[in-house]
Structures are given as structure tokens and as C-alpha cells.
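Visitor: One structure, as C-alpha cells, below. Some questions next.
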Amino acid sequence: MVRPMSEMRQSDMQPEPVVVTGSVIALRLFDIAYAIDLPRAERLWTDRVGRPSSRGRLVSTPAKAVAFGVPPLEISLPSVQLDLPTGPVAASVLARLYDFGAVTLALQIPAGGLGFAAYAARLNAVAHAVADATRAPWAALLEQVRRDFADALERPTSTTLEEDYLLGMVEAFDAPLSAEALLARVDLVPLLSGETRPLSASARGDLLARRFSYYADDLVVLTWDRAFIYEPRGDSDVLDVLEVANAQLLEMRYYDELLDAELPRMYDLVEGTQRTPSLFASRRFARLARNLYALVAEVTELTERVDNALQVTEDVYLARVYGAALDLFRVQTVSAAVDRKLAIVRDTYAALYDEASSGRAALMEAAVVALICIEVALALLGH
């Protein structure tokens with residue numbers, strides 16, 4: 001049955017909007033070191049490459065409202081080529097180095113002059129092309145960063161822990177659109193899900209649940225591994241906030257895995273120390289306690305640095321986006337797991353310290369008793 005014209009939706013009668021200015025941005029984040037000396041990295045980049053670097057800052061937000069704790073170092077790397085179904089495309093490359101040991105590699109692929117369905121198809125094609133972190137272009141780019149900044153890396157990591165995120169950014173359509181009009185005229189679900197088959201109503205609702213607008217004509221929609229950003233003013237602050245949230249997730253995962261590996265080792269050391277009693281057992285307890293205290297201090301310092309990577313004070317809109325991203329990425333959940341494991345280490349340290357103190361007290365008591373016995377024996381022999 002054909003619907004009367006009066007019953008047709010406005011989106012049925014209007015042509016698909018065309019993305020005039022837009023891009024697809026693929027982020028890949030790696031943990032490469034315990035920490036990165038950013039001033040030294042700046043000098044290395046200038047001396048070795050001769051191209052300028054910069055420190056990250058939010059473009060449109062006052063520094064007193066939102067700011068990086070320690071601004072990351074931004075450098076531009078040579079562009080790379082991606083092979084897409086429509087043909088090869090050049091992608092610009094930006095790297096960001098964070099002081100807590102993470103690096104972000106961002107590929108930006110132009111996606112202007114496309115109808116919205118074609119734009120979504122390009123984003124999904126890029127997702128497929130960059131899915132494998134062990135292949136080009138990620139492997140070569142990561143090796144270049146490790147090589148160029150080797151002298152600035154403190155305790156480089158041998159294993160590779162990573163996170164990835166994909167963003168569709170649109171600055172202009174062929175006609176101005178409000179966020180409400182855009183949602184009415186396009187289907188964001190294929191772009192956000194990567195699926196070609198229709199999704200259920202509940203799945204669609206979940207994908208579109210976290211959407212934000214500040215002005216009438218901007219829009220941010222977040223999912224676990226993708227986001228869509230419509231920003232006519234070209235601000236990149238939301239992108240920067242999402243990157244920092246991913247970097248925090250990466251580092252919290254690193255410390256969670258570090259403590260997962262350390263706890264069984266700690267239990268074995270404690271058991272081994274308790275199983276071999278000797279006159280100087282208290283020294284072994286004290287030494288193990290010092291090692292655990294150093295671990296707690298190290299992890300606590302670095303996790304606080306990660307927690308303070310972005311300081312949000314007055315910008316309510318960015319704070320909402322940032323908070324939603326942290327919640328969506330489960331950063332607080334992983335951080336709570338790290339805190340629980342640190343509490344176990346702290347309790348073990350306290351118990352070992354008490355054990356060492358008790359052992360030293362017992363040793364002193366034995367020494368005092370021995371001295372008294374010697375003094376009594378000498379007195380008896382003198383008579």
C-alpha cells in the first residue's frame with residue numbers, strides 16, 4: 001500500500017545530505033615505556049628531524065576550564081597509503097607522546113564530497129584496513145617512534161599493550177543542518193556499528209544512547225570503539241578528550257596486568273621467606289617489605305599521573321563527554337581493580353613490616369638474655 005504524501009516523513013522526501021568537509025580518524029594507542037621524558041623528546045625531534053613539534057592543548061576551551069595535566073608532545077610523521085576498496089588513499093599521520101609512557105598514532109583520511117551512506121562506507125573500509133596492529137601502517141610507525149625517541153624512553157616495555165578507536169568527523173554538509181535534523185535525515189547505526197544487516201530496536205537504542213550537543217548544530221555520539229562528531233566550527237576538543245580517555249584506559253590496563261603478574265610472585269616470595277626460618281629471617285622480611293613498598297609507591301605515582309592527564313573544572317559540556325567516555329570505556333572499573341590490588345600489596349607490606357619488627361625484637365630479647373647469662377657466668381667464675 002502506497003502512503004499518501006501527507007504521511008511520508010520529511011527524510012523520505014529529501015535527498016541524502018552530502019559531506020562536503022569531513023574525515024575519518026583512526027587512533028591506535030600503545031604503551032611503550034614506564035615514562036617518557038617529553039622535554040628530551042622535543043630536543044631529539046628537533047635535532048634529528050629538524051621539523052617543529054608542539055605541545056597539545058585544547059583549541060576552543062579556556063585553559064582554566066579544561067587543560068592537560070602535562071601537555072603531550074605532538075609531532076607530524078610522513079603520510080602513509082591505505083588500500084581501500086575504492087582505491088588507495090593518503091592518510092596524514094600525527095603522533096602524540098604522553099609523559100606516562102603512552103603514544104597515540106592518529107591516521108586522518110579525507111572523506112569529503114561523499115553522500116552520507118558513502119561516507120559511512122568509507123569509515124567502515126578504513127576500519128577494516130587498519131584492523132591489524134601488527135601490520136602496516138601501525139608496525140612501521142610504532143617502530144619509527146621507538147627508534148626516534150629511544151633516548152627519551154624510561155624503561156621501555158618489551159610487550160605491546162594497545163587500544164584503538166575510530167572517529168568520523170564532519171565539519172560541513174552541503175546545507176547547514178541542526179543536530180535534530182541530521183538525526184532525522186541519516187542513519188548513524190551502520191557507521192557506529194560497522195554492521196550491514198539491520199539491528200534490533202534495542203541494539204539501535206544502545207548505540208545512539210550516548211549523544212551530546214552543546215549548540216543546536218553540533219553533535220557527538222559515542223560508542224565503545226567508535227564515535228561520530230559533527231562540528232561545524234572545526235573544534236577538535238572532543239576528539240582530544242576521547243583520546244585522553246583511551247590513553248587512561250590503556251595505562252590502567254597496563255597496571256592492572258602488572259599487578260596481576262606481581263601478586264602470585266609476591267605470595268611465592270612471602271611463603272618462601274616464611275618457610276626458611278633462621279636467625280636473620282627478619283632481614284629477609286624487611287627486604288621484601290621494602291620491595292613491596294617501592295612497587296606501591298611506583299604504581300601509585302604513575303596512576304595519579306594518569307588520573308590527572310586531563311583536568312576538567314569549568315567546561316560542563318566537555319566534562320559530560322569526558323565522563324561518559326570514562327564510563328563507557330570502563331576506566332573507573334579498571335582503576336578500582338588496580339586500587340584493590342594495591343591495597344592487597346599494602347596489607348602484605350604492613351604484615352611483613354610487623355613480622356620483621358617482631359623478629360628484630362625477639363632477636364634483641366635473645367641478645368639481652370644471652371648477655372645476662374654471660375655476665376652471671378663470669379660472676380660465678382670470678383668467685
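In the C-alpha cells, each chain is lettered A, B, ... as it comes, each chain's residues begin at 1, and ligands are numbered from 1 in order of appearance.
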As a VMD selection string, list the residues of range 25-220 of chain A assigned to strand (DSSP E) by DSSP on the backbone atoms of this structure.
Guide: chain A and resid 25 to 36 54 to 55 66 to 68 73 to 84 87 to 97 102 to 110 114 to 115 153 to 173 211 to 212 219 to 220
Visitor: Quick one: contact table of range 153-191 of chain A to range 246-253 of chain A, 12 Å max, nearest atom pair and distance in Å to one decimal per residue, counting only C-alpha atoms, chain and number order, as a tab-separated table?
Guide:
residue	atom	partner	partner_atom	distance
A:Thr160	CA	A:Leu250	CA	10.8
A:Leu161	CA	A:Leu250	CA	7.3
A:Glu162	CA	A:Leu250	CA	6.5
A:Glu163	CA	A:Leu250	CA	6.2
A:Asp164	CA	A:Asn246	CA	7.9
A:Tyr165	CA	A:Asn246	CA	7.9
A:Leu166	CA	A:Asn246	CA	11.2
Visitor: Which residues, written as a ChimeraX atom specification, have at least one atom at most 10 Å from Asp256 in chain A, with only C-alpha atoms counted and residues fewer than 2 positions away on the same chain left out?
Guide: /A:250-254,258-262,299,334-342
Visitor: Calculated over only C-alpha atoms, which of the candidates A:Ala118, A:Leu183, A:Ile344, A:Val49 has the smallest distance to Phe228 in chain A?
Guide: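 Under the stated criterion, the closest residue is A:Leu183.
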Visitor: Would you list the contacts of Gly87 in chain A as a VMD selection string, taking every protein, DNA or RNA residue within 12 Å and counting only C-alpha atoms, but skipping same-chain residues closer than 4 positions in sequence?
Guide: chain A and resid 81 to 83 122 125 to 126 129
Visitor: Got time to write the residues from that selection, C-alpha atoms, as a PDB file, in the first residue's frame?
Guide:
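Final file, result.pdb:
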ATOM      1  CA  GLN A  81      48.917   4.994   2.000  1.00  0.00           C
ATOM      2  CA  LEU A  82      45.872   2.868   2.751  1.00  0.00           C
ATOM      3  CA  ASP A  83      44.403   0.486   0.205  1.00  0.00           C
ATOM      4  CA  ARG A 122      34.480   4.785   3.785  1.00  0.00           C
ATOM      5  CA  ALA A 125      36.544   0.435   4.898  1.00  0.00           C
ATOM      6  CA  VAL A 126      39.177   2.311   6.912  1.00  0.00           C
ATOM      7  CA  ALA A 129      42.188  -1.610   6.506  1.00  0.00           C
TER       8      ALA A 129
END
Visitor: So that I can check the surroundings of Ala179 in chain A, please list as a VMD selection string every protein, DNA and RNA residue that reaches within 7 Å of it, counting only C-alpha atoms and ignoring chain neighbours fewer than 3 positions away.
Guide: chain A and resid 182 to 183 216 to 219
Visitor: Using DSSP on the backbone coordinates, identify the residues of range 150-294 of chain A assigned to alpha helix (DSSP H); present them as a ChimeraX atom specification.
Guide: /A:179-185,189-193,201-207,237-275,281-294
